[in-house]
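**Q** Data file target.pdb (PDB, C-alpha atoms) is appended below.
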ATOM      1  CA  MET A   1    -129.547  93.750  53.275  1.00  0.00           C
ATOM      2  CA  LYS A   2    -126.464  92.012  51.918  1.00  0.00           C
ATOM      3  CA  LEU A   3    -126.341  94.388  48.917  1.00  0.00           C
ATOM      4  CA  TRP A   4    -126.682  97.467  51.113  1.00  0.00           C
ATOM      5  CA  HIS A   5    -123.958  96.120  53.403  1.00  0.00           C
ATOM      6  CA  GLN A   6    -121.597  95.730  50.414  1.00  0.00           C
ATOM      7  CA  ILE A   7    -122.417  99.233  49.218  1.00  0.00           C
ATOM      8  CA  ALA A   8    -121.717 100.636  52.691  1.00  0.00           C
ATOM      9  CA  ILE A   9    -118.348  98.858  52.808  1.00  0.00           C
ATOM     10  CA  TRP A  10    -117.417 100.082  49.305  1.00  0.00           C
ATOM     11  CA  THR A  11    -118.475 103.669  50.132  1.00  0.00           C
ATOM     12  CA  GLY A  12    -116.502 103.634  53.345  1.00  0.00           C
ATOM     13  CA  GLY A  13    -113.429 102.309  51.566  1.00  0.00           C
ATOM     14  CA  LEU A  14    -113.697 104.995  48.892  1.00  0.00           C
ATOM     15  CA  SER A  15    -114.000 107.728  51.510  1.00  0.00           C
ATOM     16  CA  THR A  16    -110.928 106.416  53.293  1.00  0.00           C
ATOM     17  CA  TRP A  17    -108.975 106.345  50.012  1.00  0.00           C
ATOM     18  CA  ILE A  18    -110.000 109.926  49.171  1.00  0.00           C
ATOM     19  CA  LEU A  19    -108.976 111.046  52.658  1.00  0.00           C
ATOM     20  CA  LEU A  20    -105.569 109.376  52.344  1.00  0.00           C
ATOM     21  CA  VAL A  21    -104.952 110.877  48.895  1.00  0.00           C
ATOM     22  CA  SER A  22    -106.030 114.310  50.123  1.00  0.00           C
ATOM     23  CA  SER A  23    -103.741 114.053  53.152  1.00  0.00           C
ATOM     24  CA  ALA A  24    -100.804 112.954  50.989  1.00  0.00           C
ATOM     25  CA  SER A  25    -101.474 115.803  48.563  1.00  0.00           C
ATOM     26  CA  ASN A  26    -101.612 118.352  51.374  1.00  0.00           C
ATOM     27  CA  ALA A  27     -98.385 117.029  52.849  1.00  0.00           C
ATOM     28  CA  TYR A  28     -96.752 117.204  49.406  1.00  0.00           C
ATOM     29  CA  ASP A  29     -97.859 120.790  48.891  1.00  0.00           C
ATOM     30  CA  ARG A  30     -96.543 121.779  52.345  1.00  0.00           C
ATOM     31  CA  GLN A  31     -93.076 120.513  51.463  1.00  0.00           C
ATOM     32  CA  GLU A  32     -90.421 123.164  51.287  1.00  0.00           C
ATOM     33  CA  LEU A  33     -88.587 123.556  48.002  1.00  0.00           C
ATOM     34  CA  LYS A  34     -85.517 121.374  48.316  1.00  0.00           C
ATOM     35  CA  ASP A  35     -83.652 122.566  45.229  1.00  0.00           C
ATOM     36  CA  PHE A  36     -84.116 123.112  41.520  1.00  0.00           C
ATOM     37  CA  LYS A  37     -82.290 121.768  38.493  1.00  0.00           C
ATOM     38  CA  LEU A  38     -82.193 123.153  34.943  1.00  0.00           C
ATOM     39  CA  GLN A  39     -81.569 121.008  31.911  1.00  0.00           C
ATOM     40  CA  PHE A  40     -81.125 121.930  28.252  1.00  0.00           C
ATOM     41  CA  GLU A  41     -83.175 119.562  26.094  1.00  0.00           C
ATOM     42  CA  ASN A  42     -81.505 120.593  22.839  1.00  0.00           C
ATOM     43  CA  ARG A  43     -78.319 122.263  21.645  1.00  0.00           C
ATOM     44  CA  GLN A  44     -76.343 120.940  24.631  1.00  0.00           C
ATOM     45  CA  ASP A  45     -73.067 121.250  22.685  1.00  0.00           C
ATOM     46  CA  ARG A  46     -74.119 124.433  20.850  1.00  0.00           C
ATOM     47  CA  SER A  47     -75.820 126.359  23.619  1.00  0.00           C
ATOM     48  CA  PHE A  48     -76.537 130.072  23.279  1.00  0.00           C
ATOM     49  CA  LEU A  49     -76.958 130.196  27.050  1.00  0.00           C
ATOM     50  CA  SER A  50     -74.925 129.694  30.184  1.00  0.00           C
ATOM     51  CA  LEU A  51     -76.506 127.252  32.619  1.00  0.00           C
ATOM     52  CA  LEU A  52     -75.241 129.419  35.478  1.00  0.00           C
ATOM     53  CA  GLU A  53     -76.899 132.494  33.935  1.00  0.00           C
ATOM     54  CA  MET A  54     -80.247 130.707  33.719  1.00  0.00           C
ATOM     55  CA  GLU A  55     -79.935 129.363  37.283  1.00  0.00           C
ATOM     56  CA  LYS A  56     -79.425 132.931  38.536  1.00  0.00           C
ATOM     57  CA  GLN A  57     -82.537 134.072  36.650  1.00  0.00           C
ATOM     58  CA  VAL A  58     -84.643 131.278  38.151  1.00  0.00           C
ATOM     59  CA  GLN A  59     -83.276 131.964  41.638  1.00  0.00           C
ATOM     60  CA  LYS A  60     -84.251 135.608  41.223  1.00  0.00           C
ATOM     61  CA  GLU A  61     -87.779 134.580  40.212  1.00  0.00           C
ATOM     62  CA  LEU A  62     -88.121 132.225  43.185  1.00  0.00           C
ATOM     63  CA  GLY A  63     -86.612 134.668  45.684  1.00  0.00           C
ATOM     64  CA  ASP A  64     -84.284 133.941  48.565  1.00  0.00           C
ATOM     65  CA  SER A  65     -86.838 132.889  51.167  1.00  0.00           C
ATOM     66  CA  SER A  66     -87.942 129.293  51.734  1.00  0.00           C
ATOM     67  CA  LEU A  67     -90.931 128.362  49.624  1.00  0.00           C
ATOM     68  CA  GLN A  68     -93.451 125.578  49.838  1.00  0.00           C
ATOM     69  CA  LEU A  69     -94.141 123.764  46.574  1.00  0.00           C
ATOM     70  CA  ALA A  70     -97.751 124.964  46.660  1.00  0.00           C
ATOM     71  CA  GLU A  71     -96.521 128.575  46.694  1.00  0.00           C
ATOM     72  CA  ILE A  72     -94.639 128.217  43.395  1.00  0.00           C
ATOM     73  CA  ASN A  73     -96.670 129.279  40.381  1.00  0.00           C
ATOM     74  CA  LYS A  74     -95.111 126.929  37.847  1.00  0.00           C
ATOM     75  CA  ALA A  75     -97.088 128.361  34.913  1.00  0.00           C
ATOM     76  CA  LEU A  76     -95.898 131.875  35.745  1.00  0.00           C
ATOM     77  CA  LEU A  77     -92.299 130.652  36.102  1.00  0.00           C
ATOM     78  CA  GLU A  78     -92.522 128.956  32.686  1.00  0.00           C
ATOM     79  CA  GLU A  79     -93.852 132.173  31.156  1.00  0.00           C
ATOM     80  CA  SER A  80     -91.030 134.211  32.693  1.00  0.00           C
ATOM     81  CA  ILE A  81     -88.369 131.838  31.329  1.00  0.00           C
ATOM     82  CA  ASP A  82     -90.098 131.718  27.940  1.00  0.00           C
ATOM     83  CA  ASN A  83     -89.579 135.482  27.694  1.00  0.00           C
ATOM     84  CA  HIS A  84     -85.824 134.957  27.358  1.00  0.00           C
ATOM     85  CA  PRO A  85     -85.077 135.645  23.656  1.00  0.00           C
ATOM     86  CA  ALA A  86     -83.015 132.463  23.239  1.00  0.00           C
ATOM     87  CA  ILE A  87     -85.627 130.162  24.816  1.00  0.00           C
ATOM     88  CA  ARG A  88     -88.231 128.509  22.599  1.00  0.00           C
ATOM     89  CA  LYS A  89     -90.035 126.625  25.356  1.00  0.00           C
ATOM     90  CA  ALA A  90     -89.735 125.875  29.066  1.00  0.00           C
ATOM     91  CA  GLU A  91     -91.446 123.176  31.137  1.00  0.00           C
ATOM     92  CA  VAL A  92     -91.447 123.229  34.933  1.00  0.00           C
ATOM     93  CA  TYR A  93     -92.566 120.396  37.207  1.00  0.00           C
ATOM     94  CA  SER A  94     -92.035 119.365  40.824  1.00  0.00           C
ATOM     95  CA  LYS A  95     -90.933 115.976  42.104  1.00  0.00           C
ATOM     96  CA  ILE A  96     -92.158 114.050  45.121  1.00  0.00           C
ATOM     97  CA  ASP A  97     -88.861 114.679  46.947  1.00  0.00           C
ATOM     98  CA  GLY A  98     -89.557 118.428  46.985  1.00  0.00           C
ATOM     99  CA  SER A  99     -87.270 119.414  44.114  1.00  0.00           C
ATOM    100  CA  LEU A 100     -88.135 121.424  41.021  1.00  0.00           C
ATOM    101  CA  ARG A 101     -87.128 120.402  37.507  1.00  0.00           C
ATOM    102  CA  ILE A 102     -86.918 122.913  34.649  1.00  0.00           C
ATOM    103  CA  MET A 103     -86.489 121.719  31.066  1.00  0.00           C
ATOM    104  CA  LEU A 104     -85.388 124.278  28.453  1.00  0.00           C
ATOM    105  CA  TRP A 105     -85.530 124.195  24.656  1.00  0.00           C
ATOM    106  CA  GLN A 106     -83.505 126.822  22.766  1.00  0.00           C
ATOM    107  CA  HIS A 107     -84.280 128.430  19.424  1.00  0.00           C
ATOM    108  CA  ASP A 108     -82.656 127.209  16.213  1.00  0.00           C
ATOM    109  CA  PRO A 109     -82.062 130.381  14.156  1.00  0.00           C
ATOM    110  CA  LEU A 110     -82.637 130.423  10.404  1.00  0.00           C
ATOM    111  CA  ALA A 111     -80.135 133.144   9.513  1.00  0.00           C
ATOM    112  CA  ARG A 112     -78.028 135.992  10.827  1.00  0.00           C
ATOM    113  CA  VAL A 113     -79.120 139.496   9.843  1.00  0.00           C
ATOM    114  CA  ILE A 114     -76.913 142.554   9.423  1.00  0.00           C
ATOM    115  CA  ASP A 115     -78.753 145.825   8.805  1.00  0.00           C
ATOM    116  CA  ARG A 116     -78.966 149.386  10.098  1.00  0.00           C
ATOM    117  CA  ARG A 117     -80.210 148.077  13.472  1.00  0.00           C
ATOM    118  CA  GLY A 118     -77.110 145.972  14.009  1.00  0.00           C
ATOM    119  CA  SER A 119     -76.698 142.209  13.890  1.00  0.00           C
ATOM    120  CA  PHE A 120     -79.029 139.526  15.231  1.00  0.00           C
ATOM    121  CA  TYR A 121     -80.403 136.060  14.504  1.00  0.00           C
ATOM    122  CA  LEU A 122     -83.604 135.556  12.520  1.00  0.00           C
ATOM    123  CA  LEU A 123     -86.137 133.084  13.942  1.00  0.00           C
ATOM    124  CA  ASP A 124     -88.997 131.092  12.413  1.00  0.00           C
ATOM    125  CA  ALA A 125     -91.726 133.739  12.393  1.00  0.00           C
ATOM    126  CA  GLY A 126     -89.428 136.668  11.653  1.00  0.00           C
ATOM    127  CA  GLU A 127     -88.600 137.373  15.294  1.00  0.00           C
ATOM    128  CA  LYS A 128     -85.196 138.746  16.249  1.00  0.00           C
ATOM    129  CA  MET A 129     -82.843 137.006  18.664  1.00  0.00           C
ATOM    130  CA  PRO A 130     -79.710 138.727  20.005  1.00  0.00           C
ATOM    131  CA  LEU A 131     -76.309 137.227  19.277  1.00  0.00           C
ATOM    132  CA  SER A 132     -74.822 135.110  22.037  1.00  0.00           C
ATOM    133  CA  PRO A 133     -71.429 135.522  23.732  1.00  0.00           C
ATOM    134  CA  TYR A 134     -71.332 131.750  24.275  1.00  0.00           C
ATOM    135  CA  PHE A 135     -71.853 130.368  20.778  1.00  0.00           C
ATOM    136  CA  SER A 136     -71.934 131.623  17.183  1.00  0.00           C
ATOM    137  CA  GLU A 137     -74.230 129.651  14.868  1.00  0.00           C
ATOM    138  CA  GLU A 138     -73.113 129.017  11.295  1.00  0.00           C
ATOM    139  CA  VAL A 139     -76.192 130.124   9.355  1.00  0.00           C
ATOM    140  CA  PRO A 140     -76.854 132.058   6.121  1.00  0.00           C
ATOM    141  CA  LEU A 141     -76.180 135.788   6.204  1.00  0.00           C
ATOM    142  CA  VAL A 142     -78.975 138.259   5.381  1.00  0.00           C
ATOM    143  CA  SER A 143     -78.174 141.903   4.697  1.00  0.00           C
ATOM    144  CA  GLY A 144     -79.664 145.032   3.227  1.00  0.00           C
ATOM    145  CA  ASP A 145     -82.357 147.622   3.775  1.00  0.00           C
ATOM    146  CA  LEU A 146     -84.784 145.563   5.869  1.00  0.00           C
ATOM    147  CA  ASN A 147     -87.953 146.250   7.809  1.00  0.00           C
ATOM    148  CA  ASP A 148     -89.999 143.851   9.950  1.00  0.00           C
ATOM    149  CA  GLU A 149     -92.197 142.814   7.011  1.00  0.00           C
ATOM    150  CA  ASP A 150     -89.076 141.910   5.047  1.00  0.00           C
ATOM    151  CA  LEU A 151     -87.860 139.762   7.932  1.00  0.00           C
ATOM    152  CA  VAL A 152     -91.150 137.840   8.107  1.00  0.00           C
ATOM    153  CA  LEU A 153     -91.015 137.186   4.364  1.00  0.00           C
ATOM    154  CA  ILE A 154     -87.352 136.139   4.454  1.00  0.00           C
ATOM    155  CA  ALA A 155     -87.994 133.828   7.414  1.00  0.00           C
ATOM    156  CA  SER A 156     -90.863 132.184   5.528  1.00  0.00           C
ATOM    157  CA  PHE A 157     -88.605 131.802   2.479  1.00  0.00           C
ATOM    158  CA  TRP A 158     -85.848 130.144   4.477  1.00  0.00           C
ATOM    159  CA  GLN A 159     -88.392 127.882   6.158  1.00  0.00           C
ATOM    160  CA  SER A 160     -89.552 126.708   2.734  1.00  0.00           C
ATOM    161  CA  LEU A 161     -85.950 125.969   1.721  1.00  0.00           C
ATOM    162  CA  LYS A 162     -85.606 123.689   4.747  1.00  0.00           C
ATOM    163  CA  GLN A 163     -88.455 121.568   3.378  1.00  0.00           C
ATOM    164  CA  ASP A 164     -86.691 121.027   0.047  1.00  0.00           C
ATOM    165  CA  GLU A 165     -83.765 118.604   0.227  1.00  0.00           C
ATOM    166  CA  PHE A 166     -82.170 120.170  -2.847  1.00  0.00           C
ATOM    167  CA  TYR A 167     -82.127 123.663  -1.327  1.00  0.00           C
ATOM    168  CA  GLN A 168     -81.496 122.908   2.360  1.00  0.00           C
ATOM    169  CA  GLN A 169     -77.793 123.844   2.192  1.00  0.00           C
ATOM    170  CA  PHE A 170     -77.798 125.584  -1.182  1.00  0.00           C
ATOM    171  CA  PHE A 171     -77.613 129.283  -0.256  1.00  0.00           C
ATOM    172  CA  THR A 172     -75.261 131.010   2.151  1.00  0.00           C
ATOM    173  CA  GLY A 173     -76.615 134.530   1.864  1.00  0.00           C
ATOM    174  CA  LEU A 174     -79.367 136.916   0.777  1.00  0.00           C
ATOM    175  CA  HIS A 175     -79.163 140.644   0.093  1.00  0.00           C
ATOM    176  CA  CYS A 176     -82.192 142.917  -0.167  1.00  0.00           C
ATOM    177  CA  ASN A 177     -81.586 146.294  -1.814  1.00  0.00           C
ATOM    178  CA  GLU A 178     -83.513 149.564  -1.439  1.00  0.00           C
ATOM    179  CA  GLN A 179     -85.884 148.504  -4.234  1.00  0.00           C
ATOM    180  CA  LYS A 180     -86.721 145.344  -2.255  1.00  0.00           C
ATOM    181  CA  GLU A 181     -85.055 143.146  -4.863  1.00  0.00           C
ATOM    182  CA  TRP A 182     -83.331 140.007  -3.655  1.00  0.00           C
ATOM    183  CA  THR A 183     -79.953 138.597  -4.603  1.00  0.00           C
ATOM    184  CA  LEU A 184     -78.988 135.115  -3.418  1.00  0.00           C
ATOM    185  CA  PHE A 185     -75.508 133.695  -2.961  1.00  0.00           C
ATOM    186  CA  PRO A 186     -74.942 129.952  -3.470  1.00  0.00           C
ATOM    187  CA  ALA A 187     -72.678 127.851  -1.260  1.00  0.00           C
ATOM    188  CA  LYS A 188     -70.716 126.675  -4.303  1.00  0.00           C
ATOM    189  CA  GLY A 189     -69.517 129.067  -6.969  1.00  0.00           C
ATOM    190  CA  ASN A 190     -68.273 132.639  -7.051  1.00  0.00           C
ATOM    191  CA  PHE A 191     -71.394 134.200  -8.579  1.00  0.00           C
ATOM    192  CA  LYS A 192     -74.713 135.659  -7.494  1.00  0.00           C
ATOM    193  CA  ILE A 193     -78.304 134.738  -8.330  1.00  0.00           C
ATOM    194  CA  ARG A 194     -80.624 137.662  -9.045  1.00  0.00           C
ATOM    195  CA  VAL A 195     -84.160 136.930  -7.894  1.00  0.00           C
ATOM    196  CA  GLY A 196     -85.653 140.403  -8.234  1.00  0.00           C
ATOM    197  CA  LYS A 197     -88.832 141.101  -6.296  1.00  0.00           C
ATOM    198  CA  PRO A 198     -89.751 138.223  -3.928  1.00  0.00           C
ATOM    199  CA  GLU A 199     -92.667 137.192  -6.135  1.00  0.00           C
ATOM    200  CA  GLU A 200     -93.284 133.849  -7.863  1.00  0.00           C
ATOM    201  CA  LEU A 201     -90.449 132.445  -5.792  1.00  0.00           C
ATOM    202  CA  GLU A 202     -91.494 128.841  -6.295  1.00  0.00           C
ATOM    203  CA  GLU A 203     -91.398 129.248 -10.075  1.00  0.00           C
ATOM    204  CA  LYS A 204     -87.987 130.951  -9.933  1.00  0.00           C
ATOM    205  CA  LEU A 205     -86.497 128.261  -7.729  1.00  0.00           C
ATOM    206  CA  THR A 206     -87.903 125.564  -9.998  1.00  0.00           C
ATOM    207  CA  LYS A 207     -86.113 127.148 -12.953  1.00  0.00           C
ATOM    208  CA  LEU A 208     -82.881 127.172 -11.009  1.00  0.00           C
ATOM    209  CA  LYS A 209     -83.283 123.554  -9.916  1.00  0.00           C
ATOM    210  CA  VAL A 210     -83.918 122.429 -13.508  1.00  0.00           C
ATOM    211  CA  PHE A 211     -80.766 124.270 -14.585  1.00  0.00           C
ATOM    212  CA  TYR A 212     -78.676 122.520 -11.933  1.00  0.00           C
ATOM    213  CA  THR A 213     -80.170 119.081 -12.511  1.00  0.00           C
ATOM    214  CA  GLN A 214     -78.999 119.304 -16.123  1.00  0.00           C
ATOM    215  CA  ALA A 215     -75.550 119.042 -14.539  1.00  0.00           C
ATOM    216  CA  PRO A 216     -73.630 122.031 -15.920  1.00  0.00           C
ATOM    217  CA  ALA A 217     -69.890 121.385 -15.870  1.00  0.00           C
ATOM    218  CA  PRO A 218     -68.140 122.876 -12.807  1.00  0.00           C
ATOM    219  CA  LYS A 219     -65.726 124.731 -15.056  1.00  0.00           C
ATOM    220  CA  TYR A 220     -68.729 126.432 -16.717  1.00  0.00           C
ATOM    221  CA  LEU A 221     -70.157 127.503 -13.342  1.00  0.00           C
ATOM    222  CA  ASN A 222     -66.767 128.897 -12.366  1.00  0.00           C
ATOM    223  CA  LYS A 223     -66.946 131.292 -15.313  1.00  0.00           C
ATOM    224  CA  LEU A 224     -70.316 132.727 -14.301  1.00  0.00           C
ATOM    225  CA  LYS A 225     -70.789 136.229 -12.961  1.00  0.00           C
ATOM    226  CA  GLU A 226     -74.501 135.855 -12.233  1.00  0.00           C
ATOM    227  CA  ILE A 227     -77.661 133.866 -12.905  1.00  0.00           C
ATOM    228  CA  ASP A 228     -80.751 135.985 -13.510  1.00  0.00           C
ATOM    229  CA  LEU A 229     -84.186 134.569 -12.589  1.00  0.00           C
ATOM    230  CA  ARG A 230     -86.158 137.798 -12.858  1.00  0.00           C
ATOM    231  CA  PHE A 231     -87.817 137.168 -16.214  1.00  0.00           C
ATOM    232  CA  GLU A 232     -90.769 134.852 -16.681  1.00  0.00           C
ATOM    233  CA  GLY A 233     -89.905 131.574 -18.364  1.00  0.00           C
ATOM    234  CA  GLN A 234     -86.208 132.508 -18.648  1.00  0.00           C
ATOM    235  CA  LEU A 235     -82.967 131.834 -16.859  1.00  0.00           C
ATOM    236  CA  ILE A 236     -80.127 134.036 -18.042  1.00  0.00           C
ATOM    237  CA  CYS A 237     -76.464 133.307 -17.343  1.00  0.00           C
ATOM    238  CA  ARG A 238     -73.882 136.059 -17.549  1.00  0.00           C
ATOM    239  CA  LYS A 239     -70.189 135.292 -17.633  1.00  0.00           C
ATOM    240  CA  ASN A 240     -67.287 137.267 -16.238  1.00  0.00           C
TER     241      ASN A 240
END
I need this file expressed as structure tokens, please.
**A**
Amino acid sequence: MKLWHQIAIWTGGLSTWILLVSSASNAYDRQELKDFKLQFENRQDRSFLSLLEMEKQVQKELGDSSLQLAEINKALLEESIDNHPAIRKAEVYSKIDGSLRIMLWQHDPLARVIDRRGSFYLLDAGEKMPLSPYFSEEVPLVSGDLNDEDLVLIASFWQSLKQDEFYQQFFTGLHCNEQKEWTLFPAKGNFKIRVGKPEELEEKLTKLKVFYTQAPAPKYLNKLKEIDLRFEGQLICRKN
């Protein structure tokens, strides 16, 4: 009997706890939205976006009428904000005081593209991001006769450069001609580097790195017109 009495007490206590939690949850869900606050989680000093612009977009999504927290589809709101071309990720959560918090992460572009379609930023997977009236990012310039496949390939190339400490800040530009041959422009020096077709890129960059690690004199580099990496097993320097 003693055991059954203890079980009855424990069961009753658990039921009471569940009832209290359920009541608190229902009361929380019935709360009216008090306010919402947006916060940039990256690029605070280099923002492509206006906080006021994003607040207006969120207000439009929420509508003007009073809403209960339970009526706000936070997943749908996140998806809507994610659709902004400058936003990489959004997270939305509500607080116990009835307010809504929205955290935003912006894209970090790889390069700026200028082609027949205009000018835009190039993102990680080859996506296009419009230029911003609020901030201009200092990134390498990509130009030429480009299609979407070219952009994906160039984005992958620039991603690989970011993984190599030697090449992270090495190039300031890339041009792709009508024959789909690449020319790269180094940050230091008044010459170009002819890559040719974007094939065997790792081998070509290794040749270039070996050349530079042999420490050519700056005055020699200043005399160069171009470095040619197009031929297997060769690196050809042409002077002015």
**Q** In Å to one decimal, how far is CA of Leu151 (chain A) from CA of Phe135 (chain A)?
**A**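 These atoms are spaced 22.6 Å apart.
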**Q** As an exercise, work out the distance from CA of Glu32 (chain A) to CA of Glu61 (chain A) in Å and give it to one decimal place.
**A** 16.1 Å
**Q** So, counting only C-alpha atoms, which residue among A:Leu38, A:Leu62, A:Leu69, A:Val152 is closest to Arg101 (chain A)?
**A**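 Checking each of A:Leu38, A:Leu62, A:Leu69, A:Val152 against Arg101 (chain A), counting only C-alpha atoms, the winner is A:Leu38.
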**Q** Enclose region 167-185 of chain A, meaning all of its atoms listed in the file, in a box aligned along x, y and z, pad it by 4 Å on each side, and list the centre and edge lengths in Å to one decimal, as JSON.
**A**
{"center_x": -81.0, "center_y": 136.2, "center_z": -1.3, "size_x": 19.5, "size_y": 34.7, "size_z": 15.2}
**Q** Can you turn the PyMOL selection byres ((chain A and resi 224) around 10) into a concrete residue list for this file, as a tab-separated table (two decimals) with C-alpha atoms, in the coordinates of the input?
**A**
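For reference, result05.tsv as written:
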chain	number	residue	atom	x	y	z
A	189	GLY	CA	-69.52	129.07	-6.97
A	190	ASN	CA	-68.27	132.64	-7.05
A	191	PHE	CA	-71.39	134.20	-8.58
A	192	LYS	CA	-74.71	135.66	-7.49
A	219	LYS	CA	-65.73	124.73	-15.06
A	220	TYR	CA	-68.73	126.43	-16.72
A	221	LEU	CA	-70.16	127.50	-13.34
A	222	ASN	CA	-66.77	128.90	-12.37
A	223	LYS	CA	-66.95	131.29	-15.31
A	225	LYS	CA	-70.79	136.23	-12.96
A	226	GLU	CA	-74.50	135.85	-12.23
A	227	ILE	CA	-77.66	133.87	-12.90
A	237	CYS	CA	-76.46	133.31	-17.34
A	238	ARG	CA	-73.88	136.06	-17.55
A	239	LYS	CA	-70.19	135.29	-17.63
A	240	ASN	CA	-67.29	137.27	-16.24
**Q** Would you kindly translate the PyMOL selection byres ((chain A and resi 168-178) around 10) into the concrete residues it picks from this file, as an NGL selection string?
**A** :A and (111-114 or 138-146 or 150 or 154 or 158-167 or 179-188 or 192-198)
**Q** Could you tell me how far CA of Leu33 (chain A) sits from CA of Leu67 (chain A), in Å to one decimal place?
**A**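 Straight-line distance from CA of Leu67 (chain A) to CA of Leu33 (chain A) works out to 5.6 Å.
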**Q** Taking the file above as input, evaluate the PyMOL selection byres ((chain A and resi 97) around 10) and report the hits as a PyMOL selection string.
**A** chain A and resi 28+31-35+94-96+98-100
**Q** So which residues fall inside 12 Å of (-78.7, 119.9, 22.7) if we count all atoms listed in the file? Mind giving them as a ChimeraX atom specification?
**A** /A:39-49,103-108
**Q** Can you pull out every residue within 12 Å of Leu76 (chain A), counting all atoms listed in the file, but drop anything in the same chain fewer than 5 positions away, and send it as a PyMOL selection string?
**A** chain A and resi 58+61-62+71+81-83+90-92
**Q** For region 126-133 of chain A, work out the shell of residues within 7 Å, counting only C-alpha atoms and skipping chain neighbours fewer than 3 positions away, then give it as a list in words.
**A** Phe48, Pro85, Ala86, Phe120, Tyr121, Leu122, Leu123, Ser136, Leu151, Val152 and Ala155 of chain A
**Q** Which residues are close to Glu55 (chain A), i.e. within 10 Å by all atoms listed in the file, leaving aside same-chain residues fewer than 5 positions away? Reply as a PyMOL selection string.
**A** chain A and resi 36-38+50+60-61+102
